[in-house]
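Inspection log for the structure reproduced underneath, given as structure tokens.
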Amino acid sequence: MKFISPKVDYAFKKIFGSQQSQDILISFLNAIIYGGEKVIQSLTIVNPYNPGQVLSLKETYLDVKAVLADGSLVAIEMQIASMAAFKKRVAYNLAKAYTNQLVKGEDYPLLNPAIAVTITDFILFKNTEDVINQFVFQETKKKFKFLDEELQLIFVELPKFQKTLSDLKSLTDKWIYFLKEAASLDGIPESLKEVSEIEFALNLANQANMTLEELEFVDRRGMMLQDEKGRITYAEQKGEQKGESRLIMRLLKKRFGEISVAITSQVENLSLADLESLTEEVLDFQSLQDLESWLEDR
């Protein structure tokens, strides 16, 4: 058995947003939002994905939307790479989902709560080790909540989840493991079979149950998203490299005065690792000749 990765947004849409995915989505949302408690009993998927439909590669991201029995709107998104103004986009999408419930002339009491669940394949909050972080409006000093039933932001950071199959105890753990590791499985483990909805999700993700057109699209989509992730990572590294080279050039000019164009060019073309090393070494240099000798060894 081989499974497509739920981290590919198109695959995520197929698994959680198809006509037959209601039970899967109910179990998943109960696990992520309510810690496994069976709070959500029913929901309706908005604009469900049709298994025979192949969406355009031009889509920048895909999400799944559902309306719960109490009218609450939930938007679930998979994001494999960070992007400029990512947090603003998440906030915008939540606000848009909330306000789009009303048409002109309708009254505010008709608004239902909105919840945005965002799964990231990168670390978003470096100041906490928690895999799931949930946000509501609250007062800054005394921390009492406001609008907590109306607007919620929930983030699941997959890289922080380090549990193995033998460690999985809760429904929440099993769903996060599914999201992170499904593509690496060669069968359905017994611990995941215990949750019928996860077993069904794995059957939907089973490559043997997909058309050739779907498999080709998932493959292209996966490569495109990995390329985008690589592009973003490269841009971030180049940004760090540029900032580090500027810092070192300021240090060099402060110590030795004007630096030649040739040396400046050499410094600017150093790798990030070499720039970090040079930052430490530069304090020991007695002259520009020491710097030139160091550069010759690179």
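Numbering starts fresh at 1 for the residues of each chain in the structure tokens, the chains themselves are lettered A, B, ... in the order given, and ligands are numbered from 1 as they appear.
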For this session: Extract, using only C-alpha atoms, all DNA, RNA and protein residues at most 9 Å from stretch 164-166 of chain A, discarding same-chain residues fewer than 6 positions from it, and format them as a count of residues only.
Result: 5
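Scanning stretch 77-182 of chain A with DSSP on the backbone, the strand (DSSP E) assignments fall on Glu77, Met78, Gln79, Ala114, Ile115, Ala116, Val117, Thr118, Ile119, Thr120, Ile132, Asn133, Gln134, Phe135, Leu151, Gln152, Leu153, Ile154, Phe155, Val156 and Glu157 of chain A.
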Exercise. By how many Å are atom CA of A:Ile176 and atom CA of A:Glu149 apart?
Worked result: 24.5 Å
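Closest to A:Val156 among A:Ala69, A:Ile80, A:Ile32, A:Met1 is A:Ile32, based on only C-alpha atoms.
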Exercise. A:Phe155: which residues within 8 Å, counting only C-alpha atoms, same-chain residues fewer than 5 positions away excluded, as a list of chain:residue names?
Worked result: A:Val117, A:Thr118, A:Ile119, A:Thr120, A:Val131, A:Ile132, A:Asn133, A:Gln134
Would you export the selected residues with C-alpha atoms as a PDB file, in the first residue's frame, please?
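Output contents, as saved in again38.pdb:
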```
ATOM      1  CA  VAL A 117      -7.954  25.819  11.529  1.00  0.00           C
ATOM      2  CA  THR A 118      -4.546  26.166   9.873  1.00  0.00           C
ATOM      3  CA  ILE A 119      -2.128  23.232   9.609  1.00  0.00           C
ATOM      4  CA  THR A 120       1.459  24.244   8.829  1.00  0.00           C
ATOM      5  CA  VAL A 131       1.814  21.520  18.585  1.00  0.00           C
ATOM      6  CA  ILE A 132      -1.665  23.079  18.751  1.00  0.00           C
ATOM      7  CA  ASN A 133      -2.186  26.728  19.658  1.00  0.00           C
ATOM      8  CA  GLN A 134      -5.642  28.256  19.936  1.00  0.00           C
TER       9      GLN A 134
END
```
For this session: Between A:Ile4, A:Ile40, A:Leu275, A:Leu168, single out the one closest to A:Asp186, counting only C-alpha atoms.
Result: A:Ile4
For this session: Write out as a ChimeraX atom specification which residues come within 12 Å of A:Ser293 when counting only C-alpha atoms, dropping same-chain ones fewer than 5 positions away.
Result: /A:263,281-282,285-288,298
For the selection just defined, write its residues with N, CA and C atoms to a file, as a PDB file, in the first residue's frame.
```pdb
ATOM      1  N   ILE A 263      37.670  43.016  -2.358  1.00  0.00           N
ATOM      2  CA  ILE A 263      37.433  42.347  -1.074  1.00  0.00           C
ATOM      3  C   ILE A 263      35.947  42.382  -0.733  1.00  0.00           C
ATOM      4  N   GLU A 281      35.970  35.571  13.446  1.00  0.00           N
ATOM      5  CA  GLU A 281      37.392  35.710  13.164  1.00  0.00           C
ATOM      6  C   GLU A 281      37.843  37.170  13.038  1.00  0.00           C
ATOM      7  N   VAL A 282      36.926  38.036  12.585  1.00  0.00           N
ATOM      8  CA  VAL A 282      37.320  39.397  12.238  1.00  0.00           C
ATOM      9  C   VAL A 282      37.905  40.155  13.432  1.00  0.00           C
ATOM     10  N   PHE A 285      41.699  39.785  13.574  1.00  0.00           N
ATOM     11  CA  PHE A 285      42.526  40.306  12.488  1.00  0.00           C
ATOM     12  C   PHE A 285      43.253  41.576  12.933  1.00  0.00           C
ATOM     13  N   GLN A 286      44.506  41.646  12.561  1.00  0.00           N
ATOM     14  CA  GLN A 286      45.297  42.837  12.883  1.00  0.00           C
ATOM     15  C   GLN A 286      45.393  43.795  11.702  1.00  0.00           C
ATOM     16  N   SER A 287      45.152  43.271  10.490  1.00  0.00           N
ATOM     17  CA  SER A 287      45.269  44.105   9.294  1.00  0.00           C
ATOM     18  C   SER A 287      44.419  43.515   8.178  1.00  0.00           C
ATOM     19  N   LEU A 288      44.308  44.259   7.087  1.00  0.00           N
ATOM     20  CA  LEU A 288      43.581  43.761   5.934  1.00  0.00           C
ATOM     21  C   LEU A 288      44.260  42.534   5.332  1.00  0.00           C
ATOM     22  N   ARG A 298      39.218  30.181   1.617  1.00  0.00           N
ATOM     23  CA  ARG A 298      37.818  29.779   1.469  1.00  0.00           C
ATOM     24  C   ARG A 298      37.606  29.061   0.155  1.00  0.00           C
TER      25      ARG A 298
END
```
For this session: Write out as an MDAnalysis selection string each polymer residue whose atoms come within 10 Å of A:Phe28, counting only C-alpha atoms; drop sequence neighbours fewer than 6 positions from it.
Result: chainID A and resid 16 22 34:36 40 171:172 174:176 197:198
What's around A:Leu270 at 12 Å? Count only C-alpha atoms, leave out sequence neighbours fewer than 3 positions away in its own chain, and write the answer as a compact mmCIF listing (two decimals) with N, CA and C atoms, in the first residue's frame.
```txt
# COMPACT_ATOMS: atom_id res chain seq x y z
N LYS A 238 19.06 33.87 1.53
CA LYS A 238 19.73 34.98 0.85
C LYS A 238 19.57 36.27 1.65
N GLU A 240 19.22 36.44 4.94
CA GLU A 240 20.12 36.33 6.09
C GLU A 240 21.56 36.57 5.66
N GLN A 241 21.91 36.02 4.50
CA GLN A 241 23.27 36.16 3.99
C GLN A 241 23.58 37.64 3.72
N LYS A 242 22.63 38.34 3.12
CA LYS A 242 22.84 39.75 2.80
C LYS A 242 22.99 40.57 4.07
N GLU A 244 23.99 39.49 7.02
CA GLU A 244 25.25 39.14 7.68
C GLU A 244 26.43 39.81 7.00
N SER A 245 26.42 39.85 5.65
CA SER A 245 27.55 40.46 4.92
C SER A 245 27.59 41.97 5.19
N ARG A 246 26.44 42.60 5.30
CA ARG A 246 26.40 44.05 5.61
C ARG A 246 26.99 44.31 6.98
N ILE A 248 29.19 42.48 8.63
CA ILE A 248 30.64 42.27 8.60
C ILE A 248 31.35 43.43 7.91
N ILE A 263 37.67 43.02 -2.36
CA ILE A 263 37.43 42.35 -1.07
C ILE A 263 35.95 42.38 -0.73
N THR A 264 35.31 43.51 -0.98
CA THR A 264 33.87 43.63 -0.71
C THR A 264 33.10 42.57 -1.47
N SER A 265 33.45 42.38 -2.74
CA SER A 265 32.78 41.38 -3.58
C SER A 265 33.00 39.97 -3.04
N GLN A 266 34.22 39.69 -2.57
CA GLN A 266 34.52 38.37 -2.01
C GLN A 266 33.68 38.10 -0.76
N VAL A 267 33.57 39.09 0.09
CA VAL A 267 32.80 38.94 1.33
C VAL A 267 31.32 38.73 1.02
N ALA A 273 27.39 30.20 6.20
CA ALA A 273 28.25 29.56 7.20
C ALA A 273 29.60 30.28 7.30
N ASP A 274 30.18 30.63 6.13
CA ASP A 274 31.46 31.34 6.14
C ASP A 274 31.32 32.75 6.71
N LEU A 275 30.20 33.39 6.42
CA LEU A 275 29.97 34.74 6.96
C LEU A 275 29.88 34.70 8.48
N GLU A 276 29.21 33.67 9.00
CA GLU A 276 29.10 33.53 10.45
C GLU A 276 30.47 33.27 11.07
N SER A 277 31.29 32.47 10.38
CA SER A 277 32.64 32.20 10.85
C SER A 277 33.50 33.46 10.81
N LEU A 278 33.35 34.24 9.73
CA LEU A 278 34.11 35.48 9.59
C LEU A 278 33.76 36.48 10.68
N THR A 279 32.51 36.50 11.09
CA THR A 279 32.08 37.41 12.16
C THR A 279 32.88 37.16 13.44
N TRP A 294 42.66 35.05 5.01
CA TRP A 294 41.49 34.23 5.41
C TRP A 294 40.61 33.95 4.20
N LEU A 295 40.39 34.96 3.37
CA LEU A 295 39.55 34.80 2.20
C LEU A 295 40.17 33.83 1.18
N GLU A 296 41.50 33.83 1.08
CA GLU A 296 42.16 32.94 0.14
C GLU A 296 41.95 31.47 0.49
N ASP A 297 41.73 31.20 1.78
CA ASP A 297 41.53 29.82 2.22
C ASP A 297 40.10 29.32 2.03
N ARG A 298 39.22 30.18 1.62
CA ARG A 298 37.82 29.78 1.47
C ARG A 298 37.61 29.06 0.16
```
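Proximity to A:Leu215 was assessed for A:Ile259, A:Leu158, A:Val8, A:Val39 counting only C-alpha atoms; the smallest distance is recorded for A:Val8.
Within the 10 Å cut-off around A:Gln79, using only C-alpha atoms and omitting residues fewer than 2 positions from it on the same chain, the listed residues are Lys7, Val8, Asp9, Tyr61, Leu62, Asp63, Glu77, Ala81, Ser82, Met83, Phe86, Thr118, Ile119, Thr120, Asp121, Phe122, Glu157 and Leu225 of chain A.
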Seminar exercise, completed: Shortest contact to A:Lys169, candidates A:Glu150, A:Glu280, A:Glu139, A:Glu194, atoms counted only C-alpha atoms, goes to A:Glu194
For this session: For each of A:Leu291, A:Ile33, A:Val136, A:Val46, take the minimum atom-to-atom distance to A:Ser260, counting only C-alpha atoms, then give the residue where this is smallest.
Result: A:Leu291
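Taking atom CA of A:Ala182 and atom CA of A:Gln237 as the two end points, the separation is 29.6 Å.
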